Amino acid sequence: MSEPILEINHLTTSFRIKDEHYAAVDDVSLTVNKNELLAIVGESGCGKSALAFSIMRLHNRAKIEGEIKFKGQNIAGFNTSQLNALRGKDMGMIFQDPLTALNPLMMIGDQIGEILLIHNKNLSVNKRKGRVIELLNKVGIPGAEHVYNQFPHELSGGMRQRVVIAMAIANNPELLIADEPTTALDVTIQSQILDLMKELKEESQAGVILITHDLGVVAEMADRVAVMYAGQIVEIADVYTLFENPLHPYTRSLLNSVPTANEEQSKLHVIQGVVPSLQNLPREGCRFSARIPWISESAHEKNPVLHEVSPGHFVRCTCYKDFHFPDGQKEEHNHVIS
Amino acid sequence: MWKFTLRRIVTMIPQVLLLSIIVFILAKMMPGDALSGMVDPNIDPNTIAEKREALGLNDPWYQQYTRWLGGVFQGDLGQSFHFKMDVSELVWQRIVNSFWLSLLTLVLTYLIAIPLGITSGRYNDSWSDRLITGYTYIGFAMPIFIFALVMLWVFGFYLDLFPTGGSVEPGIEPGTFEYIMSKIYHMLLPALSMALITTVSTVQYLRSEIIDTKQKDFILTARAKGASESRVYNRHILRNSLLPIAAFLGYEITGLIGGSIFIENIFGYPGMGQLFLNSILLRDYSVVTALVLLFGILSILGALLSDIILSLVDPRIRIK
């Protein structure tokens, strides 16, 4: 059943800040299977977008170490032209902000057509146009013939995101990376776009990496979830396990900070502090310890590693065993999955 | 769009009228007039006074102005006191020379600016970029009349490669191939001198546009499509960066007018700029007013042209 499309082993992506390299993605290993939707969750600055960009190798000044195995090939060592053959063909990417992700001076049809042209130079102009119209229909854009000749500024945000999706799926990629595809959209449009993505995934059997900070979206969409904190994966499990039995303090805090509508909640849980910046990140010990100061030092591992607590459920550090919320705050049970 | 253009032209009318009043008053305020100093000193002062009276030079300015304006509406810009010919005829001769010089300057400006701007923007912070930016700083700092003098001295006198004055070799039959070549040959050095200086703002502008566009999200989209580096540059970055440059063209024309005044005087090129400065010195203010008015109209038209070009090349801007 599980046929891996993408296998990442010990991936470290570091950026140079004043002559020193700082890892934004630190020793991440994960796999994505065919027809599987892996959600990567974490707050802003935890390295989830950096991870997504590393997989497509879109960073131009980052140092990438480790292995990115796509369909058995390690693409971490690929040169640009080898990568270009993969990008947009076998791997598609959906960007966060559809308002800026489209070239303002190119017609919609030309922008989608370009990705077809790049990977198939022999496609005739008419066939290409036919395929673009087909794609526009597929992503649910009404009046595809008309939209073909429109410019991005003439479309609404939701429509533009559909165009971006049409572009990403144009060559039936086997891996689709969606970097917060619904963050810039309003709620009603969000659910339409998510439904569309789900549909397309089922149809194409592609592996999908969905990057988000919206736990509602995760519950709705994901098969498996990886929780990232400060460049590391702190917990990874299938979606049911993660929501029913979250273990890592960070995961539990995240779930606890989602407001619920049905229960009278006294006070919303807030995770203290912010994700430390790249330069100030502690490189030793449990990276989350600074944000749960009421947990004693001895609960943390010196060099936290991922522990497999049940098949397929990994948790970093041992501090989850002793974790409790600060005095008086009880853990709310959020039934995000119903 | 025609409606917009028409509206802009209509709103030009009060601007030009106001401009003409200011220009007229300023010309009148210059000390002396065409009759002072230019005529034979032995002539009886009474005769000069009579002549002044007859020409209406003693009337209050608004009377002179309305008289002049009435003439302008009939296509009569008055008489040049110095050249003793119709101003419109005089200006027309010069306008043609200035037009060709400006056109050549404009072409050279873009021929220099586009490759330099692209290199500088694409490989920013490289050695070639530093070299080009260094050149633009020198260009900004260098007054055009000093640079033109240096060029004239080096290429005109010292190396003797170019003629140092005039717009054509005397004694050549107009209309022949030789005549045209001689014209271009005479224009080359002044045009190049001006282009080398005026181009620096366009180089800088293009450079910063390219650097700016490089970081746009849609460039990432293009890369994620698998577009090659050259495709990313030619299809996405360049087109988006050249757009404001194209729109800048109208204002470039305005800049050329200012530059040509210096250039034409230094190179002794018989164009509007030279005529303008000479007319001021000769107190030939029917010519001065006509020329300033013309420069003013050209500037306003340049701004209009910029707006129209922008609306043509940028799909986001559509003039209704």
# chains A, B, ... in the order shown; residues from 1 in each chain; ligands from 1

$ closest_atom_pairs --of "chain A" --to "chain B" --cutoff "8 Å" --atoms "only C-alpha atoms" --output "CSV"
residue,atom,partner,partner_atom,distance
A:Met56,CA,B:Ala224,CA,7.3
A:Leu58,CA,B:Ala224,CA,7.2
A:Ser81,CA,B:Ser228,CA,7.2
A:Leu83,CA,B:Gly226,CA,7.3
A:Asn84,CA,B:Gly226,CA,4.1
A:Ala85,CA,B:Gly226,CA,6.2
A:Leu86,CA,B:Gly226,CA,6.9
A:Arg87,CA,B:Gly226,CA,4.5
A:Gly88,CA,B:Lys225,CA,4.1
A:Lys89,CA,B:Lys225,CA,7.5
A:Gly92,CA,B:Ala224,CA,7.1
A:Met93,CA,B:Ala224,CA,6.5
A:Phe95,CA,B:Thr221,CA,7.7
A:Thr100,CA,B:Asp217,CA,5.6
A:Ala101,CA,B:Phe218,CA,4.3
A:Leu102,CA,B:Phe218,CA,5.0
A:Asn103,CA,B:Phe218,CA,5.4
A:Pro104,CA,B:Arg316,CA,7.6
A:Leu105,CA,B:Pro315,CA,6.4
A:Ile115,CA,B:Lys225,CA,5.5
A:Ile118,CA,B:Ala227,CA,6.5
A:His119,CA,B:Gly226,CA,7.9
A:Phe151,CA,B:Pro315,CA,7.3
A:His153,CA,B:Arg316,CA,6.7
A:Ala168,CA,B:Lys225,CA,7.7

$ select_by_dssp --residues "stretch 18-248 of chain B" --states "alpha helix (DSSP H)" --output "JSON, numbers by chain"
{"B": [18, 19, 20, 21, 22, 23, 24, 25, 26, 27, 28, 29, 45, 46, 47, 48, 49, 50, 51, 52, 53, 54, 55, 61, 62, 63, 64, 65, 66, 67, 68, 69, 70, 71, 72, 73, 87, 88, 89, 90, 91, 92, 93, 94, 95, 96, 97, 98, 99, 100, 101, 102, 103, 104, 105, 106, 107, 108, 109, 110, 111, 112, 113, 114, 115, 116, 117, 118, 119, 120, 121, 122, 127, 128, 129, 130, 131, 132, 133, 134, 135, 136, 137, 138, 139, 140, 141, 144, 145, 146, 147, 148, 149, 150, 151, 177, 178, 179, 180, 181, 182, 183, 184, 185, 186, 187, 188, 189, 190, 191, 192, 193, 194, 195, 196, 197, 198, 199, 200, 201, 202, 203, 204, 205, 206, 207, 208, 209, 210, 211, 212, 213, 214, 217, 218, 219, 220, 221, 222, 223, 224, 229, 230, 231, 238, 239, 240, 241, 242, 243, 244, 245, 246, 247, 248]}

$ write_last_selection --atoms "C-alpha atoms" --output "short mmCIF file (atom, residue, chain, number, x, y, z; two decimals), in the first residue's frame"
data_model
loop_
_atom_site.label_atom_id
_atom_site.label_comp_id
_atom_site.auth_asym_id
_atom_site.auth_seq_id
_atom_site.Cartn_x
_atom_site.Cartn_y
_atom_site.Cartn_z
CA LEU B 18 -0.48 80.44 -17.71
CA LEU B 19 2.95 79.43 -18.91
CA SER B 20 2.77 81.92 -21.77
CA ILE B 21 1.85 84.77 -19.41
CA ILE B 22 4.75 83.99 -17.09
CA VAL B 23 7.16 83.62 -19.97
CA PHE B 24 5.97 86.84 -21.53
CA ILE B 25 6.35 88.84 -18.32
CA LEU B 26 9.76 87.35 -17.63
CA ALA B 27 10.93 88.23 -21.11
CA LYS B 28 9.71 91.78 -20.64
CA MET B 29 11.49 92.04 -17.33
CA PRO B 45 17.50 108.77 -29.77
CA ASN B 46 14.22 110.35 -30.80
CA THR B 47 14.02 108.06 -33.77
CA ILE B 48 14.55 105.06 -31.52
CA ALA B 49 11.85 106.31 -29.18
CA GLU B 50 9.52 106.71 -32.14
CA LYS B 51 10.40 103.24 -33.32
CA ARG B 52 9.64 101.90 -29.81
CA GLU B 53 6.30 103.65 -29.83
CA ALA B 54 5.49 102.32 -33.30
CA LEU B 55 6.36 98.74 -32.29
CA TRP B 61 2.49 94.31 -20.74
CA TYR B 62 -1.07 93.02 -20.88
CA GLN B 63 -1.78 94.98 -24.01
CA GLN B 64 1.37 93.65 -25.61
CA TYR B 65 0.48 90.19 -24.39
CA THR B 66 -3.02 90.15 -25.84
CA ARG B 67 -1.69 91.49 -29.10
CA TRP B 68 0.93 88.77 -29.16
CA LEU B 69 -1.58 86.07 -28.16
CA GLY B 70 -3.91 87.17 -30.93
CA GLY B 71 -1.05 86.68 -33.35
CA VAL B 72 -0.21 83.25 -31.93
CA PHE B 73 -3.74 82.06 -32.56
CA VAL B 87 9.77 83.47 -35.71
CA SER B 88 7.74 80.46 -36.83
CA GLU B 89 9.94 80.05 -39.87
CA LEU B 90 13.11 80.51 -37.85
CA VAL B 91 12.02 78.04 -35.18
CA TRP B 92 10.94 75.49 -37.74
CA GLN B 93 14.42 75.35 -39.32
CA ARG B 94 15.96 74.72 -35.93
CA ILE B 95 13.31 72.31 -34.71
CA VAL B 96 14.18 69.84 -37.45
CA ASN B 97 17.85 69.85 -36.47
CA SER B 98 17.02 69.51 -32.79
CA PHE B 99 14.56 66.72 -33.48
CA TRP B 100 17.15 64.55 -35.22
CA LEU B 101 19.76 65.27 -32.57
CA SER B 102 17.31 64.37 -29.79
CA LEU B 103 16.23 61.22 -31.56
CA LEU B 104 19.80 60.05 -31.98
CA THR B 105 20.52 60.91 -28.34
CA LEU B 106 17.48 58.94 -27.23
CA VAL B 107 18.48 55.91 -29.27
CA LEU B 108 22.03 56.04 -27.89
CA THR B 109 20.68 56.52 -24.36
CA TYR B 110 18.71 53.29 -24.54
CA LEU B 111 21.45 51.45 -26.41
CA ILE B 112 23.72 52.18 -23.47
CA ALA B 113 21.18 51.93 -20.66
CA ILE B 114 19.53 48.62 -21.44
CA PRO B 115 22.58 46.32 -21.60
CA LEU B 116 24.27 48.07 -18.68
CA GLY B 117 21.12 48.08 -16.57
CA ILE B 118 20.45 44.42 -17.26
CA THR B 119 24.00 43.33 -16.47
CA SER B 120 24.06 45.44 -13.35
CA GLY B 121 20.69 44.24 -12.12
CA ARG B 122 21.06 40.59 -12.97
CA TRP B 127 32.43 43.29 -10.12
CA SER B 128 30.68 44.26 -13.33
CA ASP B 129 27.83 45.71 -11.30
CA ARG B 130 30.23 47.75 -9.20
CA LEU B 131 31.93 49.03 -12.32
CA ILE B 132 28.65 50.07 -13.89
CA THR B 133 27.33 51.65 -10.70
CA GLY B 134 30.63 53.51 -10.43
CA TYR B 135 30.09 54.88 -13.92
CA THR B 136 26.55 56.00 -13.05
CA TYR B 137 27.80 57.88 -9.99
CA ILE B 138 30.33 59.69 -12.12
CA GLY B 139 27.57 60.44 -14.61
CA PHE B 140 25.35 61.86 -11.90
CA ALA B 141 28.14 63.99 -10.51
CA ILE B 144 26.85 67.84 -18.84
CA PHE B 145 28.57 71.01 -20.12
CA ILE B 146 31.92 70.03 -18.63
CA PHE B 147 31.69 66.51 -19.97
CA ALA B 148 30.68 67.82 -23.39
CA LEU B 149 33.69 70.16 -23.43
CA VAL B 150 36.01 67.29 -22.57
CA MET B 151 34.51 65.16 -25.32
CA PHE B 177 23.10 60.36 -49.41
CA GLU B 178 26.29 62.25 -48.71
CA TYR B 179 24.26 65.04 -47.13
CA ILE B 180 22.48 62.65 -44.78
CA MET B 181 25.73 60.95 -43.81
CA SER B 182 27.32 64.31 -43.12
CA LYS B 183 24.36 65.24 -40.92
CA ILE B 184 24.67 62.03 -38.91
CA TYR B 185 28.43 62.51 -38.65
CA HIS B 186 27.92 65.98 -37.21
CA MET B 187 25.31 64.77 -34.77
CA LEU B 188 27.25 61.80 -33.47
CA LEU B 189 29.58 63.49 -31.01
CA PRO B 190 27.02 65.84 -29.41
CA ALA B 191 24.47 63.03 -29.19
CA LEU B 192 26.98 60.63 -27.66
CA SER B 193 28.15 63.23 -25.15
CA MET B 194 24.62 63.87 -24.02
CA ALA B 195 23.60 60.20 -24.04
CA LEU B 196 26.55 59.12 -21.91
CA ILE B 197 25.45 61.49 -19.17
CA THR B 198 21.68 61.28 -19.39
CA THR B 199 21.69 57.50 -19.61
CA VAL B 200 22.93 57.00 -16.05
CA SER B 201 19.54 57.62 -14.48
CA THR B 202 17.98 55.03 -16.77
CA VAL B 203 20.75 52.54 -15.96
CA GLN B 204 20.16 53.01 -12.25
CA TYR B 205 16.43 52.82 -12.69
CA LEU B 206 16.60 49.62 -14.70
CA ARG B 207 19.05 48.08 -12.26
CA SER B 208 16.85 48.69 -9.25
CA GLU B 209 13.76 47.50 -11.13
CA ILE B 210 15.47 44.23 -12.00
CA ILE B 211 16.74 43.68 -8.46
CA ASP B 212 13.26 44.40 -7.22
CA THR B 213 11.53 42.09 -9.68
CA LYS B 214 14.00 39.28 -8.97
CA ASP B 217 6.88 35.82 -5.70
CA PHE B 218 5.96 35.15 -9.30
CA ILE B 219 9.62 34.63 -10.12
CA LEU B 220 9.59 31.79 -7.61
CA THR B 221 6.49 30.47 -9.35
CA ALA B 222 8.35 30.56 -12.64
CA ARG B 223 11.27 28.66 -11.11
CA ALA B 224 8.90 26.11 -9.61
CA GLU B 229 17.37 30.71 -15.83
CA SER B 230 17.35 32.44 -19.21
CA ARG B 231 13.62 31.95 -19.51
CA LEU B 238 12.95 41.62 -17.98
CA ARG B 239 9.44 42.32 -19.19
CA ASN B 240 8.32 43.44 -15.79
CA SER B 241 11.37 45.62 -15.30
CA LEU B 242 11.35 47.29 -18.70
CA LEU B 243 7.81 48.49 -18.23
CA PRO B 244 8.57 51.51 -16.05
CA ILE B 245 11.51 52.30 -18.32
CA ALA B 246 9.17 52.49 -21.29
CA ALA B 247 6.89 54.77 -19.36
CA PHE B 248 9.86 56.94 -18.49
#

$ residues_around --residues "A:Leu99" --least-positions-apart "3" --cutoff "9 Å" --atoms "only C-alpha atoms" --output "VMD selection string"
chain A and resid 96 102 152 to 153 156 to 157 160 to 161 184

$ residues_around --residues "A:Ala237" --least-positions-apart "2" --cutoff "7 Å" --atoms "only C-alpha atoms" --output "tab-separated table (two decimals) with N, CA and C atoms, in the first residue's frame"
chain	number	residue	atom	x	y	z
A	224	ARG	N	-1.32	11.94	7.54
A	224	ARG	CA	-0.31	11.93	8.59
A	224	ARG	C	0.09	13.35	8.90
A	225	VAL	N	0.59	13.56	10.12
A	225	VAL	CA	0.96	14.91	10.52
A	225	VAL	C	2.36	14.91	11.09
A	226	ALA	N	3.16	15.87	10.66
A	226	ALA	CA	4.46	16.09	11.29
A	226	ALA	C	4.41	17.45	11.96
A	235	GLU	N	7.12	15.73	16.62
A	235	GLU	CA	6.19	14.61	16.73
A	235	GLU	C	5.66	14.29	15.35
A	239	VAL	N	-2.99	11.04	11.54
A	239	VAL	CA	-3.81	12.16	12.01
A	239	VAL	C	-4.70	11.79	13.21
A	241	THR	N	-4.17	9.41	15.56
A	241	THR	CA	-3.34	9.28	16.76
A	241	THR	C	-2.95	10.64	17.30
A	242	LEU	N	-2.57	11.51	16.37
A	242	LEU	CA	-2.08	12.80	16.82
A	242	LEU	C	-3.15	13.61	17.54
A	312	GLY	N	4.69	3.95	14.06
A	312	GLY	CA	4.43	5.14	13.25
A	312	GLY	C	4.24	6.41	14.06
A	313	HIS	N	4.33	6.35	15.35
A	313	HIS	CA	4.15	7.55	16.18
A	313	HIS	C	5.47	7.87	16.87
A	314	PHE	N	6.09	8.95	16.44
A	314	PHE	CA	7.40	9.33	16.97
A	314	PHE	C	7.28	10.62	17.78

$ select_by_dssp --residues "stretch 111-194 of chain A" --states "strand (DSSP E or B)" --output "list in words"
Leu175, Leu176, Ile177, Ala178 and Asp179 of chain A

$ write_last_selection --atoms "C-alpha atoms" --output "tab-separated table (two decimals), in the first residue's frame"
chain	number	residue	atom	x	y	z
A	175	LEU	CA	4.37	15.12	-5.59
A	176	LEU	CA	2.50	18.27	-4.77
A	177	ILE	CA	3.79	20.71	-2.22
A	178	ALA	CA	1.29	23.23	-0.93
A	179	ASP	CA	2.79	25.99	1.16

$ residues_around --residues "A:Ala299" --least-positions-apart "6" --cutoff "9 Å" --atoms "only C-alpha atoms" --output "PyMOL selection string"
chain A and resi 317-323

$ residues_around --residues "stretch 206-222 of chain A" --least-positions-apart "2" --cutoff "7 Å" --atoms "only C-alpha atoms" --output "VMD selection string"
chain A and resid 5 32 to 43 48 173 to 180 201 204 224 to 225 239 336 to 337

$ closest_residue --among "A:Val147, A:Met159, A:Ala290, A:Met91" --to "A:Pro249" --atoms "only C-alpha atoms"
A:Ala290

$ residues_around --residues "B:Leu275" --least-positions-apart "2" --cutoff "9 Å" --atoms "only C-alpha atoms" --output "NGL selection string"
:B and (91 or 94 or 261 or 264-265 or 270-273 or 277-280 or 287-288 or 291)
